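Source file: upload-v3.cif. Holds: mmCIF, C-alpha atoms and all ligand atoms.
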```cif
data_coords
loop_
_atom_site.group_PDB
_atom_site.id
_atom_site.type_symbol
_atom_site.label_atom_id
_atom_site.label_comp_id
_atom_site.auth_asym_id
_atom_site.auth_seq_id
_atom_site.Cartn_x
_atom_site.Cartn_y
_atom_site.Cartn_z
ATOM 1 C CA MET A 1152 -0.127 -25.650 -13.338
ATOM 2 C CA ASN A 1153 -0.355 -26.136 -17.083
ATOM 3 C CA LYS A 1154 0.763 -23.415 -19.464
ATOM 4 C CA GLU A 1155 -2.734 -22.486 -20.600
ATOM 5 C CA LEU A 1156 -3.984 -22.041 -17.045
ATOM 6 C CA GLU A 1157 -0.829 -20.153 -16.129
ATOM 7 C CA LYS A 1158 -1.481 -17.742 -18.968
ATOM 8 C CA LYS A 1159 -5.147 -17.269 -18.043
ATOM 9 C CA VAL A 1160 -4.219 -16.602 -14.410
ATOM 10 C CA ALA A 1161 -1.475 -14.208 -15.503
ATOM 11 C CA ASP A 1162 -3.940 -12.375 -17.773
ATOM 12 C CA ALA A 1163 -6.553 -12.185 -15.020
ATOM 13 C CA ILE A 1164 -4.159 -10.771 -12.439
ATOM 14 C CA GLN A 1165 -2.701 -8.224 -14.840
ATOM 15 C CA ASP A 1166 -5.887 -6.269 -14.495
ATOM 16 C CA PRO A 1167 -7.838 -7.773 -11.606
ATOM 17 C CA LYS A 1168 -11.362 -6.454 -11.252
ATOM 18 C CA ASN A 1169 -12.881 -5.074 -8.069
ATOM 19 C CA VAL A 1170 -9.781 -5.055 -5.898
ATOM 20 C CA GLY A 1171 -9.880 -3.179 -2.636
ATOM 21 C CA GLU A 1172 -11.920 -2.260 0.336
ATOM 22 C CA MET A 1173 -15.523 -1.139 -0.200
ATOM 23 C CA PRO A 1174 -16.325 1.458 2.467
ATOM 24 C CA ASP A 1175 -20.071 1.447 1.769
ATOM 25 C CA ALA A 1176 -20.439 -2.343 1.664
ATOM 26 C CA ASP A 1177 -23.432 -3.997 3.293
ATOM 27 C CA SER A 1178 -21.408 -6.991 4.419
ATOM 28 C CA VAL A 1179 -17.906 -8.371 4.526
ATOM 29 C CA GLY A 1180 -16.508 -11.856 4.992
ATOM 30 C CA THR A 1181 -12.975 -13.088 5.564
ATOM 31 C CA VAL A 1182 -11.559 -16.579 5.336
ATOM 32 C CA GLY A 1183 -8.126 -18.082 5.597
ATOM 33 C CA ASN A 1184 -6.508 -21.310 4.595
ATOM 34 C CA SER A 1185 -4.286 -22.476 7.402
ATOM 35 C CA GLU A 1186 -2.310 -24.787 5.097
ATOM 36 C CA CYS A 1187 -0.994 -22.206 2.637
ATOM 37 C CA GLY A 1188 -1.534 -19.076 4.735
ATOM 38 C CA GLU A 1189 -3.609 -17.406 2.046
ATOM 39 C CA MET A 1190 -6.376 -15.109 3.229
ATOM 40 C CA LEU A 1191 -9.164 -13.423 1.376
ATOM 41 C CA ARG A 1192 -11.723 -10.809 2.302
ATOM 42 C CA MET A 1193 -14.778 -9.956 0.233
ATOM 43 C CA TRP A 1194 -17.200 -7.044 0.436
ATOM 44 C CA VAL A 1195 -20.701 -7.093 -0.966
ATOM 45 C CA LYS A 1196 -23.163 -4.304 -1.671
ATOM 46 C CA TYR A 1197 -26.796 -4.987 -2.514
ATOM 47 C CA LYS A 1198 -29.422 -3.127 -4.483
ATOM 48 C CA GLU A 1199 -33.131 -3.542 -5.146
ATOM 49 C CA GLN A 1200 -33.987 -4.806 -8.595
ATOM 50 C CA ASP A 1201 -37.491 -5.773 -9.673
ATOM 51 C CA GLY A 1202 -38.512 -6.114 -6.047
ATOM 52 C CA GLU A 1203 -35.581 -8.380 -5.248
ATOM 53 C CA LYS A 1204 -32.424 -7.739 -3.271
ATOM 54 C CA VAL A 1205 -29.550 -8.518 -5.611
ATOM 55 C CA ILE A 1206 -25.802 -8.030 -5.497
ATOM 56 C CA ASP A 1207 -24.914 -4.648 -6.915
ATOM 57 C CA LYS A 1208 -21.156 -4.994 -6.600
ATOM 58 C CA ALA A 1209 -18.474 -6.913 -4.782
ATOM 59 C CA SER A 1210 -14.797 -6.371 -4.105
ATOM 60 C CA PHE A 1211 -11.936 -8.265 -2.502
ATOM 61 C CA GLN A 1212 -8.510 -8.079 -0.930
ATOM 62 C CA SER A 1213 -6.186 -11.033 -1.014
ATOM 63 C CA PHE A 1214 -2.749 -12.084 0.076
ATOM 64 C CA GLY A 1215 -0.382 -13.917 -2.133
ATOM 65 C CA CYS A 1216 -1.791 -16.599 -4.280
ATOM 66 C CA GLU A 1217 -2.318 -15.557 -7.891
ATOM 67 C CA THR A 1218 -4.946 -18.183 -8.576
ATOM 68 C CA ALA A 1219 -7.102 -16.980 -5.690
ATOM 69 C CA ILE A 1220 -6.759 -13.402 -6.946
ATOM 70 C CA ALA A 1221 -7.738 -14.450 -10.463
ATOM 71 C CA VAL A 1222 -10.749 -16.439 -9.213
ATOM 72 C CA ALA A 1223 -11.843 -13.655 -6.855
ATOM 73 C CA SER A 1224 -11.646 -11.165 -9.711
ATOM 74 C CA LEU A 1225 -13.856 -13.375 -11.883
ATOM 75 C CA ALA A 1226 -16.211 -14.153 -9.019
ATOM 76 C CA THR A 1227 -16.847 -10.523 -8.124
ATOM 77 C CA GLU A 1228 -18.003 -9.965 -11.706
ATOM 78 C CA LEU A 1229 -19.976 -13.206 -11.914
ATOM 79 C CA ILE A 1230 -22.135 -12.560 -8.854
ATOM 80 C CA LYS A 1231 -23.365 -9.120 -9.922
ATOM 81 C CA GLY A 1232 -27.133 -9.164 -10.307
ATOM 82 C CA LYS A 1233 -27.541 -12.438 -8.410
ATOM 83 C CA THR A 1234 -29.428 -12.812 -5.155
ATOM 84 C CA ALA A 1235 -27.416 -13.842 -2.099
ATOM 85 C CA SER A 1236 -28.930 -17.320 -2.210
ATOM 86 C CA GLU A 1237 -28.025 -17.742 -5.885
ATOM 87 C CA ALA A 1238 -24.449 -16.601 -5.247
ATOM 88 C CA ILE A 1239 -24.073 -18.847 -2.199
ATOM 89 C CA GLU A 1240 -24.925 -21.844 -4.380
ATOM 90 C CA LEU A 1241 -22.042 -21.186 -6.784
ATOM 91 C CA LYS A 1242 -19.472 -23.948 -6.712
ATOM 92 C CA PRO A 1243 -15.705 -23.332 -6.856
ATOM 93 C CA GLU A 1244 -15.572 -24.576 -10.451
ATOM 94 C CA GLU A 1245 -18.310 -22.117 -11.423
ATOM 95 C CA LEU A 1246 -16.504 -19.231 -9.734
ATOM 96 C CA SER A 1247 -13.293 -20.081 -11.576
ATOM 97 C CA GLY A 1248 -15.193 -20.951 -14.768
ATOM 98 C CA GLU A 1249 -13.312 -18.781 -17.231
ATOM 99 C CA LEU A 1250 -9.968 -20.147 -16.096
ATOM 100 C CA GLY A 1251 -11.019 -23.689 -16.999
ATOM 101 C CA PRO A 1252 -10.478 -26.710 -14.774
ATOM 102 C CA LEU A 1253 -8.032 -26.077 -11.938
ATOM 103 C CA PRO A 1254 -5.423 -28.715 -11.093
ATOM 104 C CA PRO A 1255 -6.052 -30.544 -7.789
ATOM 105 C CA MET A 1256 -3.428 -28.497 -5.943
ATOM 106 C CA LYS A 1257 -5.215 -25.258 -6.942
ATOM 107 C CA ILE A 1258 -8.810 -26.231 -6.261
ATOM 108 C CA HIS A 1259 -8.539 -24.940 -2.696
ATOM 109 C CA CYS A 1260 -7.769 -21.472 -4.134
ATOM 110 C CA ALA A 1261 -11.253 -21.366 -5.661
ATOM 111 C CA GLU A 1262 -12.669 -22.839 -2.445
ATOM 112 C CA LEU A 1263 -11.097 -19.960 -0.563
ATOM 113 C CA VAL A 1264 -13.004 -17.518 -2.774
ATOM 114 C CA GLN A 1265 -16.180 -19.528 -2.275
ATOM 115 C CA GLY A 1266 -15.594 -19.454 1.491
ATOM 116 C CA ALA A 1267 -15.098 -15.693 1.601
ATOM 117 C CA LEU A 1268 -18.164 -15.174 -0.552
ATOM 118 C CA ARG A 1269 -20.289 -17.424 1.619
ATOM 119 C CA SER A 1270 -19.015 -15.679 4.707
ATOM 120 C CA ALA A 1271 -19.975 -12.288 3.270
ATOM 121 C CA LEU A 1272 -23.363 -13.551 2.114
ATOM 122 C CA SER A 1273 -24.097 -15.697 5.121
ATOM 123 C CA PRO A 1274 -27.702 -15.249 6.207
ATOM 124 C CA GLN A 1275 -26.696 -15.899 9.824
ATOM 125 C CA SER A 1276 -24.637 -12.734 9.839
ATOM 126 C CA THR A 1277 -26.645 -9.591 10.228
ATOM 127 C CA GLU A 1278 -25.648 -6.668 8.089
ATOM 128 C CA GLN A 1279 -24.649 -4.837 11.232
ATOM 129 C CA GLU A 1280 -22.254 -7.588 12.310
ATOM 130 C CA ASN A 1281 -20.860 -7.764 8.856
ATOM 131 C CA LYS A 1282 -20.393 -4.062 8.359
ATOM 132 C CA PRO A 1283 -16.834 -3.150 7.547
ATOM 133 C CA PRO A 1284 -14.957 -1.691 10.490
ATOM 134 C CA ALA A 1285 -15.899 1.917 11.120
ATOM 135 C CA LYS A 1286 -13.561 4.633 10.010
ATOM 136 C CA LEU A 1287 -11.664 6.458 12.675
ATOM 137 C CA GLY A 1288 -11.175 10.095 11.895
ATOM 138 C CA ASN A 1289 -9.503 10.347 8.530
ATOM 139 C CA GLU A 1290 -7.927 6.960 8.818
ATOM 140 C CA LEU A 1291 -9.158 4.262 6.557
ATOM 141 C CA SER A 1292 -10.635 1.235 8.204
ATOM 142 C CA PRO A 1293 -8.162 -1.610 8.641
ATOM 143 C CA THR A 1294 -7.092 -3.364 5.502
ATOM 144 C CA LEU A 1295 -6.828 -7.102 5.369
ATOM 145 C CA GLN A 1296 -3.129 -6.826 6.120
ATOM 146 C CA ASP A 1297 -3.758 -4.563 9.115
ATOM 147 C CA SER A 1298 -6.378 -6.929 10.410
ATOM 148 C CA LEU A 1299 -4.130 -9.914 10.060
ATOM 149 C CA SER A 1300 -1.206 -8.275 11.745
ATOM 150 C CA GLU A 1301 -3.484 -7.574 14.698
ATOM 151 C CA GLY A 1302 -3.715 -11.307 15.122
ATOM 152 C CA GLN A 1303 -5.775 -13.966 13.437
ATOM 153 C CA SER A 1304 -7.382 -15.125 16.641
ATOM 154 C CA LYS A 1305 -9.044 -11.837 17.427
ATOM 155 C CA SER A 1306 -12.372 -12.765 18.909
ATOM 156 C CA ASP A 1307 -14.214 -9.533 19.618
ATOM 157 C CA GLY A 1308 -16.680 -10.325 16.865
ATOM 158 C CA LYS A 1309 -15.646 -7.490 14.605
ATOM 159 C CA LEU A 1310 -13.199 -9.505 12.586
ATOM 160 C CA LYS A 1311 -14.655 -12.680 11.236
ATOM 161 C CA ILE A 1312 -11.943 -14.963 9.945
ATOM 162 C CA ARG A 1313 -12.908 -18.512 9.303
ATOM 163 C CA PHE A 1314 -10.285 -21.074 8.423
ATOM 164 C CA LEU A 1315 -11.366 -23.506 5.777
ATOM 165 C CA GLU A 1316 -11.269 -27.180 6.601
ATOM 166 C CA GLU A 1317 -8.961 -29.184 4.386
ATOM 167 C CA GLU A 1318 -10.863 -31.869 2.557
ATOM 168 C CA ASP A 1319 -9.439 -35.341 2.068
HETATM 169 FE FE1 LIG A 1401 -3.565 -21.538 -1.149
HETATM 170 FE FE2 LIG A 1401 -3.958 -20.480 -3.574
HETATM 171 S S1 LIG A 1401 -2.185 -21.553 -2.846
HETATM 172 S S2 LIG A 1401 -5.185 -20.244 -1.816
#
```
Show me, as structure tokens, the structure contained in the file I just sent.
Ligand code: FES
Amino acid sequence: MNKELEKKVADAIQDPKNVGEMPDADSVGTVGNSECGEMLRMWVKYKEQDGEKVIDKASFQSFGCETAIAVASLATELIKGKTASEAIELKPEELSGELGPLPPMKIHCAELVQGALRSALSPQSTEQENKPPAKLGNELSPTLQDSLSEGQSKSDGKLKIRFLEEED
């Protein structure tokens, strides 16, 4: 990573925006990259604006990679006010826009954010299916880490983790 990008990533992760679970989210999506082990979960909440359903706010939880955290932070700000179909169209380089061009070895970090966003916004997923896990008593719903430690292959439909395909 070049020095300028390193500095921009460092600045972005010093004060990342919209980190954490969103208990009142309308949908949630989780993706993982099997190559580097990084995982990212995004929550989205909609609102009505001028007769359209637009993204009111978004948040994320991430493991590890600083570039993915920096891109996710930027992306959760960028998509505010957009419709789901507009946000789904955003390319990795648009999501990471403020950081400038990412080196080839870091492009998949932005693709991870794009994958989590698409998963959360996916029209195939009903809001009900995508609802964050219900709270049990006073316990918070599982965090990304809790979910992962339960096993990545959980297949009861509540946890939707999609591993991104590596591109050639
Ligand atoms: Fe894999 Fe960043 S190093 S997501």
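The gap separating atom CA of A:Leu1225 from atom CA of A:Glu1186 is 23.5 Å, in Å to one decimal.
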*Provide the atom CA of A:Ala1235 to atom CA of A:Trp1194 distance in Å, to one decimal place.*
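Answer for the atom CA of A:Ala1235 to atom CA of A:Trp1194 separation: 12.5 Å.
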*May I ask you to write as a ChimeraX atom specification all residues lying at most 10 Å from ligand LIG 1401 (chain A), with only C-alpha atoms and all ligand atoms counted?*
/A:1183-1191,1213-1222,1256-1264
*asked:* On this structure, the PyMOL selection byres (((chain A and resi 1205) around 6) and not hetatm) would catch which residues? List them as a VMD selection string, sorted by chain and number.
replied: chain A and resid 1197 to 1198 1204 1206 1232 to 1234
*I need the residue set behind the PyMOL selection byres (((chain A and resi 1251) around 12) and not hetatm) for this file; please write it as a VMD selection string.*
chain A and resid 1152 to 1153 1155 to 1160 1218 1221 to 1222 1225 1243 to 1250 1252 to 1254 1257 to 1258 1261
*Mind telling me what the PyMOL selection byres (((chain A and resi 1271) around 6) and not hetatm) catches here, as a PyMOL selection string?*
chain A and resi 1178-1180+1268-1270+1272-1273
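If you look at atom CA of A:Ala1267 and atom CA of A:Ile1230, they are 13.0 Å away from each other.
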Around stretch 1187-1196 of chain A, fit a box with edges along x, y and z, padding it by 4 Å on each side, then list its centre and edge lengths in Å to one decimal as JSON.
```
{"center_x": -12.1, "center_y": -13.3, "center_z": 1.5, "size_x": 30.2, "size_y": 25.9, "size_z": 14.4}
```
_For A:Lys1196: contacts at 6 Å, all atoms listed in the file, fewer than 3 positions along chain excluded, given as a PyMOL selection string_ = chain A and resi 1176-1177+1206-1208
